[in-house]
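Visitor: I am sharing my_file-v1.cif, which consists of mmCIF, C-alpha atoms and all ligand atoms:
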```cif
data_work
loop_
_atom_site.label_atom_id
_atom_site.label_comp_id
_atom_site.auth_asym_id
_atom_site.auth_seq_id
_atom_site.Cartn_x
_atom_site.Cartn_y
_atom_site.Cartn_z
CA MET A 1 -5.36 5.32 16.58
CA SER A 2 -2.99 6.48 13.88
CA ASN A 3 -0.15 7.11 16.35
CA ASN A 4 -0.50 3.65 17.77
CA PHE A 5 -0.40 0.93 15.14
CA GLN A 6 0.90 -2.53 15.69
CA LEU A 7 0.26 -5.31 13.21
CA THR A 8 1.30 -8.79 14.29
CA ILE A 9 1.04 -11.71 11.90
CA SER A 10 1.73 -15.24 13.13
CA GLN A 11 2.18 -18.32 10.98
CA LEU A 12 -0.23 -17.08 8.35
CA SER A 13 -0.94 -19.34 5.36
CA LEU A 14 -3.51 -18.82 2.63
CA ARG A 15 -4.74 -21.13 -0.12
CA TYR A 16 -7.32 -20.24 -2.77
CA LEU A 17 -9.99 -22.91 -2.99
CA GLY A 18 -9.49 -25.24 -5.96
CA PHE A 19 -5.74 -24.51 -6.05
CA GLU A 20 -3.05 -26.72 -4.62
CA ASN A 21 -0.29 -24.22 -3.93
CA LEU A 22 -0.28 -21.90 -0.97
CA ALA A 23 -0.46 -18.22 -1.98
CA LEU A 24 0.98 -17.31 1.45
CA GLU A 25 3.05 -19.73 3.45
CA ASN A 26 3.68 -19.51 7.15
CA ILE A 27 4.21 -15.75 7.32
CA SER A 28 5.12 -14.22 10.65
CA ALA A 29 5.85 -10.52 10.96
CA GLN A 30 5.63 -7.64 13.37
CA SER A 31 5.17 -4.10 12.10
CA ARG A 32 7.62 -1.42 13.15
CA GLY A 33 6.22 2.05 12.51
CA LYS A 34 3.04 2.73 10.61
CA ARG A 35 4.35 2.93 7.05
CA ILE A 36 5.03 -0.48 5.63
CA GLY A 37 6.25 -1.02 2.08
CA ILE A 38 5.79 -4.42 0.46
CA ILE A 39 8.02 -5.60 -2.37
CA GLY A 40 8.27 -8.84 -4.27
CA PRO A 41 8.18 -10.34 -7.77
CA SER A 42 4.98 -11.07 -9.67
CA HIS A 43 2.76 -13.77 -8.09
CA ALA A 44 4.73 -13.53 -4.83
CA GLY A 45 1.57 -13.19 -2.74
CA LYS A 46 1.63 -9.42 -2.05
CA SER A 47 -1.94 -8.71 -3.19
CA SER A 48 -3.15 -11.85 -1.43
CA LEU A 49 -1.80 -10.51 1.86
CA LEU A 50 -3.67 -7.22 1.44
CA ALA A 51 -6.84 -9.06 0.33
CA LEU A 52 -6.65 -11.15 3.47
CA LEU A 53 -6.15 -8.12 5.73
CA ALA A 54 -9.08 -6.37 4.01
CA GLY A 55 -11.29 -9.39 4.62
CA ILE A 56 -11.79 -10.08 0.91
CA ALA A 57 -9.80 -13.32 0.64
CA GLY A 58 -11.84 -15.89 2.51
CA LYS A 59 -15.11 -13.97 2.07
CA MET A 60 -15.53 -12.55 -1.43
CA ILE A 61 -12.75 -14.71 -2.90
CA PRO A 62 -13.04 -18.36 -1.86
CA ALA A 63 -9.93 -19.11 0.15
CA LYS A 64 -8.90 -20.74 3.40
CA PHE A 65 -6.33 -19.38 5.77
CA SER A 66 -4.69 -20.43 9.00
CA GLY A 67 -2.61 -18.54 11.52
CA SER A 68 -3.45 -15.27 13.20
CA VAL A 69 -3.44 -11.55 12.50
CA ARG A 70 -3.74 -9.02 15.31
CA ILE A 71 -3.90 -5.23 15.18
CA ASN A 72 -3.03 -3.40 18.39
CA GLY A 73 -3.39 -6.70 20.21
CA GLU A 74 -6.88 -7.37 18.91
CA GLU A 75 -7.77 -10.23 16.58
CA LEU A 76 -8.25 -8.91 13.00
CA GLU A 77 -11.97 -9.70 12.66
CA ALA A 78 -12.76 -7.99 15.97
CA TRP A 79 -10.60 -4.98 15.07
CA ARG A 80 -12.21 -4.73 11.64
CA SER A 81 -15.69 -4.67 13.16
CA GLN A 82 -14.78 -1.48 15.03
CA HIS A 83 -12.44 0.16 12.52
CA GLU A 84 -12.41 0.94 8.86
CA ILE A 85 -9.89 -0.66 6.52
CA ALA A 86 -9.73 0.79 3.01
CA LEU A 87 -8.25 -1.29 0.21
CA LEU A 88 -7.14 0.26 -3.03
CA LEU A 89 -7.00 -2.43 -5.69
CA GLN A 90 -4.40 -2.79 -8.39
CA ASP A 91 -6.93 -1.92 -11.09
CA PRO A 92 -8.32 1.47 -9.96
CA ALA A 93 -11.15 1.52 -12.52
CA SER A 94 -12.63 -1.59 -10.91
CA GLN A 95 -12.76 0.33 -7.63
CA LEU A 96 -15.18 2.89 -9.01
CA SER A 97 -18.91 2.14 -8.87
CA GLY A 98 -19.58 2.69 -12.60
CA LEU A 99 -22.88 4.26 -11.50
CA ALA A 100 -21.87 7.84 -10.79
CA ASP A 101 -22.28 10.62 -13.36
CA THR A 102 -19.57 12.77 -11.82
CA VAL A 103 -16.46 12.40 -9.69
CA TYR A 104 -18.31 14.27 -6.92
CA ASP A 105 -21.10 11.65 -6.94
CA GLU A 106 -18.52 8.84 -6.95
CA LEU A 107 -16.83 10.29 -3.88
CA SER A 108 -20.17 10.87 -2.12
CA PHE A 109 -21.32 7.28 -2.57
CA SER A 110 -19.96 5.56 0.53
CA LEU A 111 -20.72 8.63 2.68
CA LEU A 112 -24.35 8.57 1.53
CA ASN A 113 -24.45 4.87 2.46
CA GLN A 114 -23.16 5.82 5.90
CA GLY A 115 -26.10 8.23 6.25
CA LYS A 116 -23.98 11.41 6.30
CA SER A 117 -25.68 14.77 5.80
CA ASP A 118 -25.15 16.89 2.66
CA GLU A 119 -22.92 19.28 4.64
CA GLU A 120 -20.79 16.44 6.01
CA ILE A 121 -20.44 14.93 2.54
CA GLU A 122 -19.49 18.26 1.01
CA SER A 123 -16.81 18.90 3.59
CA ALA A 124 -15.37 15.34 3.38
CA VAL A 125 -15.26 15.49 -0.42
CA LYS A 126 -13.60 18.92 -0.28
CA ARG A 127 -10.98 17.61 2.15
CA VAL A 128 -9.88 14.70 -0.06
CA THR A 129 -10.14 16.56 -3.35
CA ASP A 130 -7.97 19.37 -1.96
CA GLN A 131 -5.46 16.82 -0.66
CA LEU A 132 -5.27 14.90 -3.92
CA ASP A 133 -5.57 17.87 -6.25
CA LEU A 134 -8.82 16.68 -7.77
CA THR A 135 -10.97 19.79 -7.36
CA ASN A 136 -11.00 20.56 -11.08
CA LEU A 137 -12.26 17.04 -11.88
CA LEU A 138 -15.32 17.08 -9.60
CA ASP A 139 -17.83 17.72 -12.41
CA GLN A 140 -16.23 15.28 -14.85
CA SER A 141 -17.54 11.83 -15.63
CA PRO A 142 -15.40 9.10 -14.01
CA ASN A 143 -15.43 7.34 -17.41
CA GLN A 144 -13.51 10.16 -19.06
CA LEU A 145 -10.49 10.24 -16.77
CA SER A 146 -6.93 9.28 -17.67
CA GLY A 147 -5.35 6.26 -15.94
CA GLY A 148 -3.47 8.48 -13.46
CA GLN A 149 -6.61 10.55 -12.71
CA THR A 150 -8.64 7.36 -12.18
CA GLN A 151 -6.00 6.19 -9.74
CA ARG A 152 -6.23 9.45 -7.78
CA VAL A 153 -10.05 9.32 -7.73
CA ALA A 154 -9.91 5.69 -6.54
CA ILE A 155 -7.53 6.73 -3.74
CA ALA A 156 -9.92 9.55 -2.85
CA THR A 157 -12.86 7.10 -2.65
CA ALA A 158 -10.76 5.01 -0.26
CA LEU A 159 -9.84 8.01 1.88
CA VAL A 160 -13.09 9.93 1.97
CA THR A 161 -14.43 7.82 4.84
CA GLU A 162 -11.25 8.46 6.92
CA PRO A 163 -10.10 4.83 7.26
CA ASP A 164 -8.01 3.61 10.21
CA LEU A 165 -5.80 1.53 7.94
CA LEU A 166 -5.07 1.98 4.27
CA LEU A 167 -4.00 -0.92 2.03
CA LEU A 168 -2.57 0.24 -1.28
CA ASP A 169 -1.85 -2.17 -4.11
CA ASP A 170 0.59 -0.56 -6.53
CA PRO A 171 -1.29 2.77 -6.50
CA THR A 172 1.01 4.66 -8.89
CA SER A 173 1.31 2.07 -11.68
CA GLN A 174 -0.64 4.26 -14.11
CA MET A 175 0.63 7.67 -12.99
CA ASP A 176 3.19 9.72 -14.88
CA PRO A 177 6.43 10.61 -13.02
CA LEU A 178 5.06 13.94 -11.78
CA GLY A 179 1.82 12.32 -10.57
CA ARG A 180 3.87 9.67 -8.79
CA GLN A 181 6.06 12.28 -7.14
CA HIS A 182 2.97 14.20 -5.95
CA PHE A 183 1.42 11.00 -4.68
CA PHE A 184 4.45 10.01 -2.59
CA SER A 185 4.80 13.54 -1.15
CA TRP A 186 1.12 13.40 -0.24
CA LEU A 187 1.58 9.96 1.40
CA GLU A 188 4.38 11.44 3.47
CA LYS A 189 1.86 13.84 5.05
CA LEU A 190 -0.75 11.16 5.68
CA SER A 191 -1.27 10.26 9.34
CA CYS A 192 -3.18 7.02 8.65
CA PRO A 193 -1.11 3.80 8.88
CA PHE A 194 -0.68 2.02 5.58
CA LEU A 195 0.69 -1.05 3.84
CA LEU A 196 1.84 -0.14 0.35
CA ILE A 197 2.79 -2.52 -2.46
CA SER A 198 5.02 -0.74 -4.94
CA ASN A 199 7.95 -1.22 -7.30
CA GLU A 200 9.10 2.35 -6.69
CA LEU A 201 12.03 1.35 -4.52
CA ASP A 202 13.54 4.82 -4.07
CA ASP A 203 10.18 6.22 -2.98
CA LEU A 204 9.59 3.31 -0.61
CA ALA A 205 13.06 3.67 0.85
CA ALA A 206 12.44 7.38 1.50
CA LEU A 207 8.96 6.96 2.93
CA CYS A 208 8.60 3.67 4.75
CA ASP A 209 9.51 2.71 8.32
CA GLN A 210 9.73 -0.92 7.34
CA ILE A 211 9.90 -3.00 4.16
CA TRP A 212 8.40 -6.47 3.93
CA VAL A 213 9.97 -8.67 1.28
CA ILE A 214 7.76 -11.43 -0.12
CA LYS A 215 8.71 -14.15 -2.60
CA ASP A 216 6.91 -17.40 -3.48
CA GLY A 217 4.36 -16.78 -0.73
CA CYS A 218 7.06 -16.49 1.96
CA LEU A 219 8.27 -13.47 3.90
CA LEU A 220 12.03 -13.20 3.32
CA MET A 221 12.66 -10.08 5.41
CA ALA A 222 10.82 -7.43 7.41
CA ASP A 223 13.19 -4.68 8.37
CA SER A 224 14.16 -1.04 7.87
CA PRO A 225 14.75 0.07 4.25
CA GLN A 226 18.48 0.44 5.11
CA THR A 227 18.78 -3.14 6.33
CA VAL A 228 16.61 -4.65 3.62
CA PHE A 229 18.33 -3.01 0.66
CA ASN A 230 21.81 -3.52 2.11
CA GLN A 231 21.30 -7.14 3.12
CA LEU A 232 18.83 -8.55 0.58
CA ASP A 233 20.94 -10.58 -1.82
CA ASP A 234 18.55 -12.08 -4.36
CA PRO A 235 18.67 -11.40 -8.12
CA ALA A 236 14.84 -11.33 -8.16
CA PHE A 237 15.01 -7.97 -6.35
CA ASP A 238 16.30 -4.71 -7.75
CA LYS A 239 17.92 -2.02 -5.56
CA PRO A 240 17.01 1.67 -5.24
CA ALA A 241 18.86 3.96 -7.68
CA ALA A 242 20.36 5.81 -4.67
CA TRP A 243 21.86 2.53 -3.40
CA LYS A 244 23.35 1.72 -6.83
CA MET A 245 24.87 5.20 -7.11
CA ALA A 246 26.29 5.03 -3.57
CA LYS A 247 27.83 1.64 -4.27
CA LYS A 248 29.43 2.92 -7.45
CA LEU A 249 30.90 5.91 -5.60
CA GLU A 250 31.70 3.86 -2.46
CA LEU A 251 29.74 6.30 -0.31
CA LYS A 252 28.55 4.92 3.01
CA LEU A 253 26.49 6.20 5.91
CA ASP A 254 26.89 4.42 9.26
CA GLY A 255 28.57 1.52 7.46
CA CYS A 256 25.72 1.01 4.95
CA TYR A 257 25.12 2.22 1.42
CA PRO A 258 22.47 4.97 1.44
CA VAL A 259 19.08 3.81 0.14
CA ASN A 260 17.43 7.12 -0.72
CA ALA A 261 18.32 10.55 -2.12
CA ARG A 262 18.44 12.26 1.29
CA GLU A 263 20.88 9.72 2.71
CA LEU A 264 22.96 9.80 -0.47
CA LYS A 265 23.29 13.59 -0.19
CA GLU A 266 24.31 13.28 3.47
CA ALA A 267 26.89 10.61 2.66
CA ALA A 268 28.31 12.77 -0.16
CA GLU A 269 28.52 15.80 2.15
CA ASN A 270 30.27 13.72 4.83
CA ALA A 271 32.78 12.52 2.26
CA ASN A 272 33.73 16.08 1.23
N1 LIG B 1 -8.45 -15.01 -6.80
C1 LIG B 1 -7.49 -15.92 -6.94
N2 LIG B 1 -7.79 -17.23 -7.16
C2 LIG B 1 -6.83 -18.15 -7.28
N3 LIG B 1 -5.50 -17.89 -7.23
C3 LIG B 1 -5.14 -16.61 -7.04
C4 LIG B 1 -6.10 -15.57 -6.88
N4 LIG B 1 -5.45 -14.40 -6.69
C5 LIG B 1 -4.12 -14.71 -6.73
N5 LIG B 1 -3.94 -16.03 -6.94
C6 LIG B 1 -2.65 -16.76 -7.00
O1 LIG B 1 -1.97 -16.54 -5.78
C7 LIG B 1 -0.58 -16.35 -6.02
C8 LIG B 1 -0.16 -15.00 -5.46
O2 LIG B 1 -0.79 -13.99 -6.23
P1 LIG B 1 -0.82 -12.47 -5.81
O3 LIG B 1 -1.71 -11.74 -6.78
O4 LIG B 1 -1.14 -12.35 -4.38
O5 LIG B 1 0.70 -12.06 -6.05
P2 LIG B 1 1.34 -10.61 -6.21
O6 LIG B 1 2.66 -10.68 -5.53
O7 LIG B 1 0.40 -9.56 -5.78
O8 LIG B 1 1.58 -10.55 -7.77
P3 LIG B 1 1.51 -9.27 -8.78
O9 LIG B 1 2.65 -8.37 -8.42
O10 LIG B 1 1.68 -9.89 -10.13
O11 LIG B 1 0.17 -8.63 -8.57
C9 LIG B 1 -0.36 -16.46 -7.51
O12 LIG B 1 0.05 -17.76 -7.80
C10 LIG B 1 -1.74 -16.18 -8.08
O13 LIG B 1 -1.93 -16.87 -9.31
#
```
Show this structure as structure tokens.
Ligand SMILES: Nc1ncnc2c1ncn2[C@@H]1O[C@H](COP(=O)(O)OP(=O)(O)OP(=O)(O)O)[C@@H](O)[C@H]1O

Guide:
Amino acid sequence: MSNNFQLTISQLSLRYLGFENLALENISAQSRGKRIGIIGPSHAGKSSLLALLAGIAGKMIPAKFSGSVRINGEELEAWRSQHEIALLLQDPASQLSGLADTVYDELSFSLLNQGKSDEEIESAVKRVTDQLDLTNLLDQSPNQLSGGQTQRVAIATALVTEPDLLLLDDPTSQMDPLGRQHFFSWLEKLSCPFLLISNELDDLAALCDQIWVIKDGCLLMADSPQTVFNQLDDPAFDKPAAWKMAKKLELKLDGCYPVNARELKEAAENAN
């Protein structure tokens, strides 16, 4: 599954019940690659898109939508009935059950609900805690974690069931710079397809196959990081630091300003 991911959205609109304005308006997009970054100002509709894909908007949150979403050619509802989609919300603490005494119990929760054996649970928990560097927190109470640790535990709860698609809503907002760096290097190794909302433009530009740009409920662009950050001309959107540096130094790669550190280094080497 993870090597074959195609998300196709056609004329998708979403309106929360009781509200006049559309939160998403006539969005059509086709994924390219399996790592999609989503950027946009506040209230643009980014979280609404993930909530809709996760099946929350329309079910748990009263909303109506029109248009279609297909994954690998299959209509979203049908795909979701056979596959697991994990959503990591913007507020990680709200993701945790509030019932577990320890991080281990928190991570075991959904696996217990799936009827997994103790051995299966132990090995799944070990896998995610090793990946996310959480082993030393397993005996701690989830209530005593820092914001960044809570975010990592919430990510682990999303991953422990090995989802087929991961939806991440600003997952590093409460992490310190080192935690963020670790998180993005870990994402780089992840084989699961994901849609990731983030303001970390340099990290997105280094990691993602495609960037979707959303503003006022509309999709402005869906293209490679190079194309998006070189062509997007809207003061509501910042540029990656690498792009700004390259522009200042007039360093180009294949006719474009580099958008991440690796490309910037290559452009600088070519110039020497
Ligand atoms: N549960 C809800 N009920 C009603 N309106 C909502 C709900 N959730 C979001 N909205 C509205 O939908 C619009 C899009 O919000 P959304 O949270 O999707 O944007 P966003 O781009 O994720 O913003 P942010 O970056 O601030 O999280 C906003 O006008 C918001 O007020």

Visitor: Could you tell me how far CA of Gly33 in chain A sits from CA of Asp238 in chain A, in Å to one decimal place?

Guide: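 It comes out at 23.6 Å.
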
Visitor: Using Å and a single decimal, report how far CA of Asn260 in chain A sits from CA of Trp243 in chain A.

Guide: 6.9 Å

Visitor: With all atoms listed in the file as the counted atoms, please give the residues lying no more than 9 Å from Arg32 in chain A, apart from itself and same-chain residues fewer than 5 positions off, as a PyMOL selection string.

Guide: chain A and resi 5-7+209-210+222-224

Visitor: Rounded to one decimal, what separation in Å do you get between CA of Ala23 in chain A and CA of Gly217 in chain A?

Guide: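 Calculated distance between CA of Ala23 in chain A and CA of Gly217 in chain A is 5.2 Å.
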
Visitor: Any residue with an atom at most 9 Å from ligand LIG 1 (chain B) counts, using only C-alpha atoms and all ligand atoms. Which are they? Put them as a PyMOL selection string.

Guide: chain A and resi 14-19+21-24+39-51+57+61-63+90+169-170+197-199+214-217

Visitor: Give me the residues near Leu134 in chain A as a list of chain:residue names, where near means some atom within 8 Å (using only C-alpha atoms) and where sequence neighbours in that chain fewer than 4 positions away do not count.

Guide: A:Thr129, A:Asp130, A:Leu138, A:Arg152, A:Val153

Visitor: Taking 5 positions as the minimum chain separation for residues in the same chain, which residues sit within 9 Å of Gly55 in chain A when counting all atoms listed in the file? Answer as JSON, numbers by chain.

Guide: {"A": [50, 60, 76, 77, 80]}

Visitor: Excluding Pro240 in chain A and any residue of its chain fewer than 4 positions from it, enumerate the residues within 12 Å of it, using only C-alpha atoms, and give them as a list in words.

Guide: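 Residues meeting the cut-off are Ile39, Asn199, Glu200, Leu201, Asp202, Asp203, Leu204, Ala205, Ala206, Pro225, Gln226, Val228, Phe229, Asn230, Leu232, Lys244, Met245, Ala246, Lys247, Tyr257, Pro258, Val259, Asn260, Ala261, Glu263 and Leu264 of chain A.
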
Visitor: Given all atoms listed in the file as the basis, pick out the residue of A:Leu220, A:Leu196, A:Leu96, A:Ile9 nearest to Leu167 in chain A.

Guide: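 Of all the options, A:Leu196 lies closest to Leu167 in chain A.
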
Visitor: I'd like to know which of A:Gly148, A:Leu166, A:Leu111, A:Val103 is closest to Asn136 in chain A, using all atoms listed in the file.

Guide: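 Counting all atoms listed in the file, the residue closest to Asn136 in chain A is A:Val103.
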
Visitor: Restricting the calculation to only C-alpha atoms, which member of A:Leu99, A:Cys256, A:Leu89, A:Val128 is positioned closest to Leu168 in chain A?

Guide: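 Looking only at the distances to Leu168 in chain A, the closest residue turns out to be A:Leu89.
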
Visitor: Using all atoms listed in the file, find the one residue out of A:Gln231, A:Ser13, A:Ser97, A:Asn143 that sits nearest to Phe109 in chain A.

Guide: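 Closest residue, counting all atoms listed in the file: A:Ser97.
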
Visitor: My list of candidates is A:Val69, A:Ala100, A:Val160, A:Leu249. Which is closest to Ser31 in chain A when distances are computed with all atoms listed in the file?

Guide: A:Val69

Visitor: Out of A:Leu107, A:Met175, A:Cys218, A:Ile85, which residue has the shortest atom-to-atom distance to Ser146 in chain A when counting only C-alpha atoms?

Guide: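 Using only C-alpha atoms, Ser146 in chain A sits closest to A:Met175.
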
Visitor: Could you name the residues that touch Ile27 in chain A at 6 Å or less, counting only C-alpha atoms, but leaving out those on the same chain fewer than 3 positions away, as a ChimeraX atom specification?

Guide: /A:11-12,219

Visitor: Listed atoms of range 175-180 of chain A, axis-aligned box, 5 Å per side: centre and edge lengths to one decimal in Å, as JSON?

Guide:
```
{"center_x": 3.5, "center_y": 10.8, "center_z": -11.8, "size_x": 15.8, "size_y": 16.3, "size_z": 16.1}
```

Visitor: Working from the structure I just supplied, which lacks atoms in range 222-247 of chain A, can you model N, CA and C atoms there and output them as an mmCIF file, in the frame of the given file?

Guide:
```cif
data_model
loop_
_atom_site.group_PDB
_atom_site.id
_atom_site.type_symbol
_atom_site.label_atom_id
_atom_site.label_comp_id
_atom_site.auth_asym_id
_atom_site.auth_seq_id
_atom_site.Cartn_x
_atom_site.Cartn_y
_atom_site.Cartn_z
ATOM 1 N N ALA A 222 11.669 -8.555 6.999
ATOM 2 C CA ALA A 222 10.820 -7.430 7.410
ATOM 3 C C ALA A 222 11.714 -6.551 8.253
ATOM 4 N N ASP A 223 12.219 -5.484 7.641
ATOM 5 C CA ASP A 223 13.190 -4.680 8.370
ATOM 6 C C ASP A 223 13.198 -3.254 7.818
ATOM 7 N N SER A 224 14.091 -2.419 8.344
ATOM 8 C CA SER A 224 14.160 -1.040 7.870
ATOM 9 C C SER A 224 14.621 -1.050 6.405
ATOM 10 N N PRO A 225 14.278 0.009 5.637
ATOM 11 C CA PRO A 225 14.750 0.070 4.250
ATOM 12 C C PRO A 225 16.277 -0.091 4.163
ATOM 13 N N GLN A 226 17.012 0.539 5.119
ATOM 14 C CA GLN A 226 18.480 0.440 5.110
ATOM 15 C C GLN A 226 18.913 -1.016 5.188
ATOM 16 N N THR A 227 18.370 -1.742 6.143
ATOM 17 C CA THR A 227 18.780 -3.140 6.330
ATOM 18 C C THR A 227 18.354 -3.994 5.149
ATOM 19 N N VAL A 228 17.102 -3.807 4.714
ATOM 20 C CA VAL A 228 16.610 -4.650 3.620
ATOM 21 C C VAL A 228 17.463 -4.453 2.364
ATOM 22 N N PHE A 229 17.657 -3.195 1.938
ATOM 23 C CA PHE A 229 18.330 -3.010 0.660
ATOM 24 C C PHE A 229 19.840 -3.223 0.750
ATOM 25 N N ASN A 230 20.388 -3.194 1.970
ATOM 26 C CA ASN A 230 21.810 -3.520 2.110
ATOM 27 C C ASN A 230 22.043 -5.009 2.277
ATOM 28 N N GLN A 231 21.060 -5.710 2.822
ATOM 29 C CA GLN A 231 21.300 -7.140 3.120
ATOM 30 C C GLN A 231 20.635 -8.089 2.120
ATOM 31 N N LEU A 232 19.568 -7.645 1.466
ATOM 32 C CA LEU A 232 18.830 -8.550 0.580
ATOM 33 C C LEU A 232 19.715 -8.894 -0.626
ATOM 34 N N ASP A 233 20.023 -10.167 -0.754
ATOM 35 C CA ASP A 233 20.940 -10.580 -1.820
ATOM 36 C C ASP A 233 20.224 -11.640 -2.658
ATOM 37 N N ASP A 234 19.362 -11.166 -3.556
ATOM 38 C CA ASP A 234 18.550 -12.080 -4.360
ATOM 39 C C ASP A 234 18.345 -11.406 -5.710
ATOM 40 N N PRO A 235 18.769 -12.045 -6.798
ATOM 41 C CA PRO A 235 18.670 -11.400 -8.120
ATOM 42 C C PRO A 235 17.228 -11.072 -8.521
ATOM 43 N N ALA A 236 16.232 -11.641 -7.822
ATOM 44 C CA ALA A 236 14.840 -11.330 -8.160
ATOM 45 C C ALA A 236 14.466 -9.916 -7.714
ATOM 46 N N PHE A 237 15.336 -9.301 -6.886
ATOM 47 C CA PHE A 237 15.010 -7.970 -6.350
ATOM 48 C C PHE A 237 16.011 -6.939 -6.832
ATOM 49 N N ASP A 238 15.472 -5.837 -7.343
ATOM 50 C CA ASP A 238 16.300 -4.710 -7.750
ATOM 51 C C ASP A 238 16.671 -3.893 -6.499
ATOM 52 N N LYS A 239 17.539 -2.919 -6.678
ATOM 53 C CA LYS A 239 17.920 -2.020 -5.560
ATOM 54 C C LYS A 239 17.498 -0.598 -5.919
ATOM 55 N N PRO A 240 17.308 0.265 -4.930
ATOM 56 C CA PRO A 240 17.010 1.670 -5.240
ATOM 57 C C PRO A 240 18.168 2.307 -6.021
ATOM 58 N N ALA A 241 17.822 3.282 -6.878
ATOM 59 C CA ALA A 241 18.860 3.960 -7.680
ATOM 60 C C ALA A 241 19.895 4.606 -6.754
ATOM 61 N N ALA A 242 19.437 5.159 -5.610
ATOM 62 C CA ALA A 242 20.360 5.810 -4.670
ATOM 63 C C ALA A 242 21.398 4.804 -4.164
ATOM 64 N N TRP A 243 20.947 3.588 -3.883
ATOM 65 C CA TRP A 243 21.860 2.530 -3.400
ATOM 66 C C TRP A 243 22.901 2.213 -4.477
ATOM 67 N N LYS A 244 22.424 2.087 -5.725
ATOM 68 C CA LYS A 244 23.350 1.720 -6.830
ATOM 69 C C LYS A 244 24.413 2.815 -7.015
ATOM 70 N N MET A 245 23.941 4.067 -6.950
ATOM 71 C CA MET A 245 24.870 5.200 -7.110
ATOM 72 C C MET A 245 25.889 5.209 -5.966
ATOM 73 N N ALA A 246 25.398 5.012 -4.743
ATOM 74 C CA ALA A 246 26.290 5.030 -3.570
ATOM 75 C C ALA A 246 27.331 3.924 -3.679
ATOM 76 N N LYS A 247 26.899 2.776 -4.163
ATOM 77 C CA LYS A 247 27.830 1.640 -4.270
ATOM 78 C C LYS A 247 28.923 1.954 -5.290
#
```
